[in-house]
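Quick look at data-v8.cif (mmCIF, C-alpha atoms, pLDDT in the B column; chains and numbers go by the auth columns):
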data_upload
loop_
_atom_site.group_PDB
_atom_site.id
_atom_site.type_symbol
_atom_site.label_atom_id
_atom_site.label_comp_id
_atom_site.label_asym_id
_atom_site.label_seq_id
_atom_site.Cartn_x
_atom_site.Cartn_y
_atom_site.Cartn_z
_atom_site.B_iso_or_equiv
_atom_site.auth_seq_id
_atom_site.auth_asym_id
ATOM 1 C CA MET A 1 13.824 -34.397 3.273 52.00 1 A
ATOM 2 C CA GLN A 2 11.358 -32.950 5.776 50.00 2 A
ATOM 3 C CA ALA A 3 12.328 -35.529 8.410 50.00 3 A
ATOM 4 C CA ALA A 4 16.017 -34.742 7.940 50.00 4 A
ATOM 5 C CA ALA A 5 15.278 -31.030 8.234 51.00 5 A
ATOM 6 C CA ASP A 6 13.350 -31.629 11.482 52.00 6 A
ATOM 7 C CA VAL A 7 16.222 -33.662 12.941 48.00 7 A
ATOM 8 C CA THR A 8 18.719 -30.948 11.984 55.00 8 A
ATOM 9 C CA LYS A 9 16.487 -28.288 13.533 53.00 9 A
ATOM 10 C CA LYS A 10 16.197 -30.246 16.795 53.00 10 A
ATOM 11 C CA GLU A 11 19.955 -30.804 16.920 55.00 11 A
ATOM 12 C CA CYS A 12 20.559 -27.091 16.384 57.00 12 A
ATOM 13 C CA SER A 13 18.036 -26.279 19.111 57.00 13 A
ATOM 14 C CA TRP A 14 19.739 -28.697 21.529 57.00 14 A
ATOM 15 C CA SER A 15 23.163 -27.226 20.689 64.00 15 A
ATOM 16 C CA SER A 16 21.777 -23.743 21.290 69.00 16 A
ATOM 17 C CA TRP A 17 20.391 -24.687 24.717 74.00 17 A
ATOM 18 C CA LYS A 18 23.654 -26.426 25.615 75.00 18 A
ATOM 19 C CA GLY A 19 25.643 -23.370 24.574 78.00 19 A
ATOM 20 C CA GLN A 20 23.412 -21.086 26.639 83.00 20 A
ATOM 21 C CA ALA A 21 23.844 -23.311 29.711 83.00 21 A
ATOM 22 C CA ILE A 22 27.634 -23.268 29.308 86.00 22 A
ATOM 23 C CA ASP A 23 27.602 -19.485 28.932 85.00 23 A
ATOM 24 C CA LEU A 24 25.569 -19.191 32.147 86.00 24 A
ATOM 25 C CA LEU A 25 27.887 -21.439 34.166 87.00 25 A
ATOM 26 C CA TYR A 26 31.033 -19.746 32.828 86.00 26 A
ATOM 27 C CA TRP A 27 29.628 -16.234 33.442 88.00 27 A
ATOM 28 C CA ARG A 28 30.046 -15.123 29.819 86.00 28 A
ATOM 29 C CA ASN A 29 27.274 -12.606 30.489 87.00 29 A
ATOM 30 C CA VAL A 30 27.761 -11.456 34.082 88.00 30 A
ATOM 31 C CA LYS A 31 24.322 -9.838 34.428 90.00 31 A
ATOM 32 C CA GLN A 32 22.459 -12.859 33.060 89.00 32 A
ATOM 33 C CA SER A 33 24.428 -15.391 35.102 89.00 33 A
ATOM 34 C CA GLY A 34 24.101 -13.247 38.217 90.00 34 A
ATOM 35 C CA ALA A 35 20.329 -12.967 37.774 90.00 35 A
ATOM 36 C CA VAL A 36 19.892 -16.725 37.323 90.00 36 A
ATOM 37 C CA PHE A 37 22.290 -17.589 40.165 91.00 37 A
ATOM 38 C CA SER A 38 20.676 -15.166 42.640 92.00 38 A
ATOM 39 C CA SER A 39 17.144 -16.227 41.650 90.00 39 A
ATOM 40 C CA VAL A 40 17.878 -19.931 42.142 91.00 40 A
ATOM 41 C CA LEU A 41 19.617 -19.286 45.472 91.00 41 A
ATOM 42 C CA LEU A 42 16.734 -17.100 46.648 90.00 42 A
ATOM 43 C CA LEU A 43 14.269 -19.844 45.748 89.00 43 A
ATOM 44 C CA LEU A 44 16.286 -22.517 47.570 90.00 44 A
ATOM 45 C CA PHE A 45 16.785 -20.360 50.669 89.00 45 A
ATOM 46 C CA SER A 46 13.044 -19.654 50.658 88.00 46 A
ATOM 47 C CA LEU A 47 12.386 -23.390 50.658 88.00 47 A
ATOM 48 C CA THR A 48 14.530 -23.724 53.784 87.00 48 A
ATOM 49 C CA GLN A 49 12.178 -21.353 55.615 87.00 49 A
ATOM 50 C CA PHE A 50 8.787 -22.132 54.062 87.00 50 A
ATOM 51 C CA SER A 51 7.039 -25.153 52.580 88.00 51 A
ATOM 52 C CA VAL A 52 7.028 -25.870 48.863 87.00 52 A
ATOM 53 C CA VAL A 53 3.314 -25.005 48.715 91.00 53 A
ATOM 54 C CA SER A 54 3.876 -21.620 50.364 91.00 54 A
ATOM 55 C CA VAL A 55 6.813 -20.734 48.134 89.00 55 A
ATOM 56 C CA GLY A 56 4.889 -21.768 45.024 90.00 56 A
ATOM 57 C CA ALA A 57 1.843 -19.766 46.098 93.00 57 A
ATOM 58 C CA TYR A 58 3.929 -16.656 46.845 91.00 58 A
ATOM 59 C CA LEU A 59 5.711 -16.896 43.499 90.00 59 A
ATOM 60 C CA ALA A 60 2.402 -17.271 41.677 93.00 60 A
ATOM 61 C CA LEU A 61 0.946 -14.267 43.538 95.00 61 A
ATOM 62 C CA ALA A 62 4.015 -12.166 42.727 92.00 62 A
ATOM 63 C CA ALA A 63 3.818 -13.095 39.042 92.00 63 A
ATOM 64 C CA LEU A 64 0.068 -12.437 38.908 95.00 64 A
ATOM 65 C CA SER A 65 0.491 -9.081 40.666 95.00 65 A
ATOM 66 C CA ALA A 66 3.074 -8.035 38.090 93.00 66 A
ATOM 67 C CA THR A 67 1.099 -9.183 35.031 93.00 67 A
ATOM 68 C CA ILE A 68 -2.265 -7.840 36.260 94.00 68 A
ATOM 69 C CA SER A 69 -0.713 -4.466 37.167 93.00 69 A
ATOM 70 C CA PHE A 70 0.978 -4.250 33.776 92.00 70 A
ATOM 71 C CA ARG A 71 -2.234 -5.210 31.965 91.00 71 A
ATOM 72 C CA ILE A 72 -4.228 -2.528 33.821 92.00 72 A
ATOM 73 C CA TYR A 73 -1.480 0.051 33.241 90.00 73 A
ATOM 74 C CA LYS A 74 -1.405 -0.624 29.491 87.00 74 A
ATOM 75 C CA SER A 75 -5.217 -0.547 29.294 87.00 75 A
ATOM 76 C CA VAL A 76 -5.366 2.849 31.044 88.00 76 A
ATOM 77 C CA LEU A 77 -2.538 4.174 28.874 87.00 77 A
ATOM 78 C CA GLN A 78 -4.326 3.065 25.704 85.00 78 A
ATOM 79 C CA ALA A 79 -7.558 4.684 26.923 83.00 79 A
ATOM 80 C CA VAL A 80 -5.818 7.979 27.677 85.00 80 A
ATOM 81 C CA GLN A 81 -3.847 8.042 24.434 83.00 81 A
ATOM 82 C CA LYS A 82 -6.824 6.645 22.501 81.00 82 A
ATOM 83 C CA THR A 83 -4.731 3.950 20.830 80.00 83 A
ATOM 84 C CA ASP A 84 -5.559 0.338 20.082 79.00 84 A
ATOM 85 C CA GLU A 85 -2.382 -1.656 20.595 79.00 85 A
ATOM 86 C CA GLY A 86 -4.271 -4.749 21.684 80.00 86 A
ATOM 87 C CA HIS A 87 -3.382 -7.132 24.469 83.00 87 A
ATOM 88 C CA PRO A 88 0.091 -6.356 25.926 83.00 88 A
ATOM 89 C CA PHE A 89 0.918 -10.063 26.122 85.00 89 A
ATOM 90 C CA LYS A 90 -0.472 -10.951 22.700 83.00 90 A
ATOM 91 C CA SER A 91 2.847 -12.193 21.298 84.00 91 A
ATOM 92 C CA TYR A 92 3.315 -14.515 24.307 82.00 92 A
ATOM 93 C CA LEU A 93 -0.281 -15.763 24.152 83.00 93 A
ATOM 94 C CA GLU A 94 0.177 -16.694 20.500 83.00 94 A
ATOM 95 C CA MET A 95 3.520 -18.405 21.116 83.00 95 A
ATOM 96 C CA GLU A 96 3.515 -22.186 20.584 80.00 96 A
ATOM 97 C CA ILE A 97 4.464 -23.915 23.846 80.00 97 A
ATOM 98 C CA SER A 98 2.996 -27.395 23.388 80.00 98 A
ATOM 99 C CA LEU A 99 5.239 -30.437 23.002 76.00 99 A
ATOM 100 C CA SER A 100 4.942 -32.476 19.833 80.00 100 A
ATOM 101 C CA GLN A 101 4.527 -36.251 19.878 84.00 101 A
ATOM 102 C CA ASP A 102 8.051 -36.628 18.505 85.00 102 A
ATOM 103 C CA GLN A 103 9.510 -34.505 21.307 81.00 103 A
ATOM 104 C CA ILE A 104 7.615 -36.459 23.967 87.00 104 A
ATOM 105 C CA SER A 105 8.813 -39.753 22.476 88.00 105 A
ATOM 106 C CA LYS A 106 12.383 -38.463 22.315 86.00 106 A
ATOM 107 C CA TYR A 107 12.430 -37.382 25.980 86.00 107 A
ATOM 108 C CA ALA A 108 10.644 -40.562 27.074 90.00 108 A
ATOM 109 C CA ASP A 109 13.240 -42.686 25.245 91.00 109 A
ATOM 110 C CA LYS A 110 16.069 -40.787 26.949 90.00 110 A
ATOM 111 C CA ILE A 111 14.495 -41.215 30.401 93.00 111 A
ATOM 112 C CA LEU A 112 13.948 -44.920 29.728 94.00 112 A
ATOM 113 C CA LEU A 113 17.567 -45.323 28.600 94.00 113 A
ATOM 114 C CA TYR A 114 18.896 -43.602 31.743 93.00 114 A
ATOM 115 C CA ALA A 115 16.581 -45.637 33.989 95.00 115 A
ATOM 116 C CA ASN A 116 17.636 -48.955 32.419 96.00 116 A
ATOM 117 C CA THR A 117 21.322 -48.013 32.611 95.00 117 A
ATOM 118 C CA CYS A 118 20.943 -47.042 36.273 95.00 118 A
ATOM 119 C CA MET A 119 19.150 -50.287 37.163 95.00 119 A
ATOM 120 C CA LYS A 120 21.791 -52.405 35.407 95.00 120 A
ATOM 121 C CA GLU A 121 24.594 -50.564 37.191 95.00 121 A
ATOM 122 C CA LEU A 122 22.910 -50.946 40.599 93.00 122 A
ATOM 123 C CA ARG A 123 22.364 -54.661 39.945 95.00 123 A
ATOM 124 C CA ARG A 124 26.044 -55.011 39.026 93.00 124 A
ATOM 125 C CA LEU A 125 27.146 -53.235 42.221 92.00 125 A
ATOM 126 C CA PHE A 126 24.776 -54.906 44.688 94.00 126 A
ATOM 127 C CA LEU A 127 25.335 -58.408 43.291 92.00 127 A
ATOM 128 C CA VAL A 128 29.114 -57.865 43.367 89.00 128 A
ATOM 129 C CA GLN A 129 29.886 -58.537 39.727 89.00 129 A
ATOM 130 C CA ASP A 130 33.161 -56.676 40.364 86.00 130 A
ATOM 131 C CA LEU A 131 34.377 -56.763 43.971 84.00 131 A
ATOM 132 C CA VAL A 132 36.466 -53.572 43.751 83.00 132 A
ATOM 133 C CA ASP A 133 33.623 -51.530 42.255 86.00 133 A
ATOM 134 C CA SER A 134 31.219 -52.827 44.925 89.00 134 A
ATOM 135 C CA LEU A 135 33.730 -51.925 47.653 87.00 135 A
ATOM 136 C CA LYS A 136 34.094 -48.430 46.184 86.00 136 A
ATOM 137 C CA PHE A 137 30.308 -48.085 46.173 91.00 137 A
ATOM 138 C CA ALA A 138 30.141 -49.262 49.800 92.00 138 A
ATOM 139 C CA VAL A 139 32.759 -46.689 50.830 89.00 139 A
ATOM 140 C CA LEU A 140 30.821 -43.990 48.992 91.00 140 A
ATOM 141 C CA MET A 141 27.587 -44.940 50.778 93.00 141 A
ATOM 142 C CA TRP A 142 29.439 -44.954 54.113 93.00 142 A
ATOM 143 C CA LEU A 143 30.755 -41.438 53.445 91.00 143 A
ATOM 144 C CA LEU A 144 27.257 -40.300 52.444 88.00 144 A
ATOM 145 C CA THR A 145 25.939 -41.353 55.865 90.00 145 A
ATOM 146 C CA TYR A 146 28.216 -38.713 57.401 89.00 146 A
ATOM 147 C CA VAL A 147 27.245 -36.156 54.739 85.00 147 A
ATOM 148 C CA GLY A 148 23.562 -36.853 55.456 84.00 148 A
ATOM 149 C CA ALA A 149 24.152 -36.378 59.179 84.00 149 A
ATOM 150 C CA LEU A 150 25.683 -32.930 58.549 85.00 150 A
ATOM 151 C CA PHE A 151 23.510 -31.613 55.721 83.00 151 A
ATOM 152 C CA ASN A 152 19.927 -32.040 54.590 84.00 152 A
ATOM 153 C CA GLY A 153 18.826 -32.352 50.980 83.00 153 A
ATOM 154 C CA LEU A 154 18.199 -28.627 50.461 87.00 154 A
ATOM 155 C CA THR A 155 21.589 -27.688 51.878 88.00 155 A
ATOM 156 C CA LEU A 156 23.278 -30.126 49.511 87.00 156 A
ATOM 157 C CA LEU A 157 21.246 -28.691 46.630 89.00 157 A
ATOM 158 C CA ILE A 158 22.346 -25.159 47.553 91.00 158 A
ATOM 159 C CA LEU A 159 25.970 -26.300 47.703 90.00 159 A
ATOM 160 C CA ALA A 160 25.538 -28.003 44.317 90.00 160 A
ATOM 161 C CA VAL A 161 24.164 -24.802 42.734 91.00 161 A
ATOM 162 C CA VAL A 162 26.997 -22.717 44.230 91.00 162 A
ATOM 163 C CA SER A 163 29.518 -25.250 42.913 91.00 163 A
ATOM 164 C CA MET A 164 27.934 -25.249 39.449 90.00 164 A
ATOM 165 C CA PHE A 165 28.345 -21.468 39.185 90.00 165 A
ATOM 166 C CA THR A 166 31.842 -21.277 40.725 91.00 166 A
ATOM 167 C CA MET A 167 33.782 -24.458 39.927 91.00 167 A
ATOM 168 C CA PRO A 168 33.789 -24.057 36.103 89.00 168 A
ATOM 169 C CA VAL A 169 35.197 -20.530 36.375 88.00 169 A
ATOM 170 C CA VAL A 170 37.833 -21.580 38.918 89.00 170 A
ATOM 171 C CA TYR A 171 38.820 -24.576 36.769 88.00 171 A
ATOM 172 C CA GLU A 172 39.019 -22.412 33.653 86.00 172 A
ATOM 173 C CA LYS A 173 41.426 -19.977 35.379 88.00 173 A
ATOM 174 C CA HIS A 174 43.580 -22.606 37.126 87.00 174 A
ATOM 175 C CA GLN A 175 43.206 -25.601 34.809 87.00 175 A
ATOM 176 C CA ALA A 176 46.902 -26.565 34.713 88.00 176 A
ATOM 177 C CA GLN A 177 47.354 -26.621 38.501 89.00 177 A
ATOM 178 C CA ILE A 178 44.062 -28.453 39.106 89.00 178 A
ATOM 179 C CA ASP A 179 44.830 -31.094 36.462 88.00 179 A
ATOM 180 C CA GLN A 180 48.233 -31.642 38.049 90.00 180 A
ATOM 181 C CA TYR A 181 46.796 -32.215 41.546 89.00 181 A
ATOM 182 C CA VAL A 182 43.962 -34.375 40.205 87.00 182 A
ATOM 183 C CA GLY A 183 46.501 -36.492 38.342 89.00 183 A
ATOM 184 C CA LEU A 184 48.529 -36.990 41.523 90.00 184 A
ATOM 185 C CA ILE A 185 45.428 -37.965 43.507 89.00 185 A
ATOM 186 C CA ARG A 186 44.309 -40.359 40.770 86.00 186 A
ATOM 187 C CA THR A 187 47.741 -41.994 40.724 89.00 187 A
ATOM 188 C CA GLN A 188 47.659 -42.499 44.496 87.00 188 A
ATOM 189 C CA VAL A 189 44.113 -43.901 44.397 81.00 189 A
ATOM 190 C CA ASN A 190 44.983 -46.297 41.566 81.00 190 A
ATOM 191 C CA SER A 191 48.052 -47.427 43.509 84.00 191 A
ATOM 192 C CA VAL A 192 45.982 -48.167 46.630 80.00 192 A
ATOM 193 C CA VAL A 193 43.314 -49.959 44.584 75.00 193 A
ATOM 194 C CA GLY A 194 46.005 -52.026 42.885 77.00 194 A
ATOM 195 C CA LYS A 195 47.420 -53.112 46.256 77.00 195 A
ATOM 196 C CA ILE A 196 43.935 -54.039 47.479 74.00 196 A
ATOM 197 C CA GLN A 197 43.274 -56.038 44.303 70.00 197 A
ATOM 198 C CA ALA A 198 46.547 -57.909 44.775 75.00 198 A
ATOM 199 C CA LYS A 199 45.761 -58.869 48.390 73.00 199 A
ATOM 200 C CA ILE A 200 42.048 -59.753 48.142 70.00 200 A
ATOM 201 C CA PRO A 201 41.305 -63.080 46.403 64.00 201 A
ATOM 202 C CA GLY A 202 38.973 -62.613 43.437 59.00 202 A
ATOM 203 C CA ALA A 203 39.259 -58.815 43.521 57.00 203 A
ATOM 204 C CA LYS A 204 41.519 -58.537 40.490 57.00 204 A
ATOM 205 C CA ARG A 205 39.672 -57.647 37.309 56.00 205 A
ATOM 206 C CA LYS A 206 39.520 -60.304 34.657 50.00 206 A
ATOM 207 C CA GLU A 207 41.347 -59.624 31.433 47.00 207 A
ATOM 208 C CA GLU A 208 38.861 -58.902 28.647 42.00 208 A
#

Can the structure in the file be given as structure tokens, please?
Amino acid sequence: MQAAADVTKKECSWSSWKGQAIDLLYWRNVKQSGAVFSSVLLLLFSLTQFSVVSVGAYLALAALSATISFRIYKSVLQAVQKTDEGHPFKSYLEMEISLSQDQISKYADKILLYANTCMKELRRLFLVQDLVDSLKFAVLMWLLTYVGALFNGLTLLILAVVSMFTMPVVYEKHQAQIDQYVGLIRTQVNSVVGKIQAKIPGAKRKEE
């Protein structure tokens, strides 16, 4: 019974985190999404100008300045008002933040599953188990050489963050039109792939 209750609690926690992430990306709470979006962008733009060590050190100094100033302020206020409210961060200091063995095992199993899946897929593509899929992968890598020549990793990460916070909202508002255009593009791509499969010996997928 206890094990089942723990599993249910973890599933509820995961659903809660997933729901919060969706709410952030869909701007359900404009202030919260705006704060997260601007903070992440500010961090990434800072990394384009300074090293990771410098940005980390500045963030730590800013956080320490805020917490130390607040601690001193509360201590002075308690001394003046002659109250004994205790440490201002007591509730956070007593909060449990350690990972349990079950949680570590769960995350490790997920990482291992993703790693094994990735390695199997790469083996399938590089050893040309399916010619069409390997050709698609080659075209993708060829396109990425041009993307890499135009953008560095941080720029791509910034574009990814901007897309994460804009694309879901745009899709939600114009879902019908986007689905229509995506369907047309998919039809054209499938048609071209079908013609290639018909002309290249051994490219046609085997019937399963």

Applied to the shown file, which residues does the PyMOL selection byres ((chain A and resi 155-161) around 8) return, written as a ChimeraX atom specification? /A:37,40-41,44-45,151-154,162-165

Nearest to Asn190 (chain A), restricted to all atoms listed in the file and choosing among A:Leu77, A:Ile72, A:Val147, A:Val132, comes out as A:Val132

Around (29.3, -21.8, 36.1), as given in the file, which residues come within 8 Å? Count only C-alpha atoms and list them as an MDAnalysis selection string. chainID A and resid 22:27 163:169

Quick one: distance from CA of Phe137 (chain A) to CA of Val170 (chain A) in Å, one decimal?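 Interatomic distance, CA of Phe137 (chain A) to CA of Val170 (chain A): 28.5 Å.
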
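Counting all atoms listed in the file, Leu43 (chain A) has the following residues at most 12 Å away, ignoring those fewer than 5 positions along the same chain: Val36, Phe37, Ser38, Thr48, Gln49, Phe50, Ser51, Val52, Ser54, Val55, Gly56, Tyr58, Leu59, Leu154, Leu157, Ile158 and Val161 of chain A.
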
Is there a way to complete region 178-195 of chain A with N, CA, C and O atoms and then write that out as a PDB file, in the coordinates of the input?
ATOM      1  N   ILE A 178      45.082 -27.498  38.669  1.00 89.00           N
ATOM      2  CA  ILE A 178      44.062 -28.453  39.106  1.00 89.00           C
ATOM      3  C   ILE A 178      44.279 -29.813  38.461  1.00 89.00           C
ATOM      4  O   ILE A 178      44.209 -30.855  39.126  1.00 89.00           O
ATOM      5  N   ASP A 179      44.574 -29.826  37.154  1.00 88.00           N
ATOM      6  CA  ASP A 179      44.830 -31.094  36.462  1.00 88.00           C
ATOM      7  C   ASP A 179      46.035 -31.814  37.059  1.00 88.00           C
ATOM      8  O   ASP A 179      46.055 -33.053  37.167  1.00 88.00           O
ATOM      9  N   GLN A 180      47.041 -31.039  37.461  1.00 90.00           N
ATOM     10  CA  GLN A 180      48.233 -31.642  38.049  1.00 90.00           C
ATOM     11  C   GLN A 180      47.897 -32.326  39.373  1.00 90.00           C
ATOM     12  O   GLN A 180      48.280 -33.480  39.602  1.00 90.00           O
ATOM     13  N   TYR A 181      47.153 -31.631  40.249  1.00 89.00           N
ATOM     14  CA  TYR A 181      46.796 -32.215  41.546  1.00 89.00           C
ATOM     15  C   TYR A 181      45.835 -33.396  41.388  1.00 89.00           C
ATOM     16  O   TYR A 181      45.950 -34.403  42.096  1.00 89.00           O
ATOM     17  N   VAL A 182      44.896 -33.266  40.448  1.00 87.00           N
ATOM     18  CA  VAL A 182      43.962 -34.375  40.205  1.00 87.00           C
ATOM     19  C   VAL A 182      44.710 -35.599  39.696  1.00 87.00           C
ATOM     20  O   VAL A 182      44.415 -36.740  40.082  1.00 87.00           O
ATOM     21  N   GLY A 183      45.698 -35.377  38.835  1.00 89.00           N
ATOM     22  CA  GLY A 183      46.501 -36.492  38.342  1.00 89.00           C
ATOM     23  C   GLY A 183      47.266 -37.188  39.453  1.00 89.00           C
ATOM     24  O   GLY A 183      47.335 -38.424  39.495  1.00 89.00           O
ATOM     25  N   LEU A 184      47.815 -36.405  40.396  1.00 90.00           N
ATOM     26  CA  LEU A 184      48.529 -36.990  41.523  1.00 90.00           C
ATOM     27  C   LEU A 184      47.594 -37.813  42.408  1.00 90.00           C
ATOM     28  O   LEU A 184      47.926 -38.930  42.832  1.00 90.00           O
ATOM     29  N   ILE A 185      46.406 -37.253  42.678  1.00 89.00           N
ATOM     30  CA  ILE A 185      45.428 -37.965  43.507  1.00 89.00           C
ATOM     31  C   ILE A 185      44.988 -39.254  42.823  1.00 89.00           C
ATOM     32  O   ILE A 185      44.884 -40.317  43.452  1.00 89.00           O
ATOM     33  N   ARG A 186      44.751 -39.179  41.516  1.00 86.00           N
ATOM     34  CA  ARG A 186      44.309 -40.359  40.770  1.00 86.00           C
ATOM     35  C   ARG A 186      45.384 -41.446  40.789  1.00 86.00           C
ATOM     36  O   ARG A 186      45.087 -42.633  40.929  1.00 86.00           O
ATOM     37  N   THR A 187      46.641 -41.026  40.678  1.00 89.00           N
ATOM     38  CA  THR A 187      47.741 -41.994  40.724  1.00 89.00           C
ATOM     39  C   THR A 187      47.788 -42.698  42.075  1.00 89.00           C
ATOM     40  O   THR A 187      47.963 -43.923  42.150  1.00 89.00           O
ATOM     41  N   GLN A 188      47.631 -41.917  43.157  1.00 87.00           N
ATOM     42  CA  GLN A 188      47.659 -42.499  44.496  1.00 87.00           C
ATOM     43  C   GLN A 188      46.489 -43.460  44.707  1.00 87.00           C
ATOM     44  O   GLN A 188      46.659 -44.558  45.266  1.00 87.00           O
ATOM     45  N   VAL A 189      45.299 -43.050  44.247  1.00 81.00           N
ATOM     46  CA  VAL A 189      44.113 -43.901  44.397  1.00 81.00           C
ATOM     47  C   VAL A 189      44.285 -45.198  43.618  1.00 81.00           C
ATOM     48  O   VAL A 189      43.986 -46.292  44.115  1.00 81.00           O
ATOM     49  N   ASN A 190      44.770 -45.089  42.383  1.00 81.00           N
ATOM     50  CA  ASN A 190      44.983 -46.297  41.566  1.00 81.00           C
ATOM     51  C   ASN A 190      46.015 -47.217  42.204  1.00 81.00           C
ATOM     52  O   ASN A 190      45.905 -48.451  42.132  1.00 81.00           O
ATOM     53  N   SER A 191      47.033 -46.618  42.833  1.00 84.00           N
ATOM     54  CA  SER A 191      48.052 -47.427  43.509  1.00 84.00           C
ATOM     55  C   SER A 191      47.451 -48.204  44.677  1.00 84.00           C
ATOM     56  O   SER A 191      47.717 -49.394  44.850  1.00 84.00           O
ATOM     57  N   VAL A 192      46.622 -47.508  45.487  1.00 80.00           N
ATOM     58  CA  VAL A 192      45.982 -48.167  46.630  1.00 80.00           C
ATOM     59  C   VAL A 192      45.034 -49.263  46.158  1.00 80.00           C
ATOM     60  O   VAL A 192      45.012 -50.369  46.710  1.00 80.00           O
ATOM     61  N   VAL A 193      44.247 -48.960  45.115  1.00 75.00           N
ATOM     62  CA  VAL A 193      43.314 -49.959  44.584  1.00 75.00           C
ATOM     63  C   VAL A 193      44.075 -51.167  44.053  1.00 75.00           C
ATOM     64  O   VAL A 193      43.656 -52.319  44.236  1.00 75.00           O
ATOM     65  N   GLY A 194      45.211 -50.921  43.394  1.00 77.00           N
ATOM     66  CA  GLY A 194      46.005 -52.026  42.885  1.00 77.00           C
ATOM     67  C   GLY A 194      46.522 -52.923  43.995  1.00 77.00           C
ATOM     68  O   GLY A 194      46.532 -54.152  43.870  1.00 77.00           O
ATOM     69  N   LYS A 195      46.942 -52.324  45.113  1.00 77.00           N
ATOM     70  CA  LYS A 195      47.420 -53.112  46.256  1.00 77.00           C
ATOM     71  C   LYS A 195      46.285 -53.933  46.862  1.00 77.00           C
ATOM     72  O   LYS A 195      46.482 -55.087  47.251  1.00 77.00           O
TER      73      LYS A 195
END
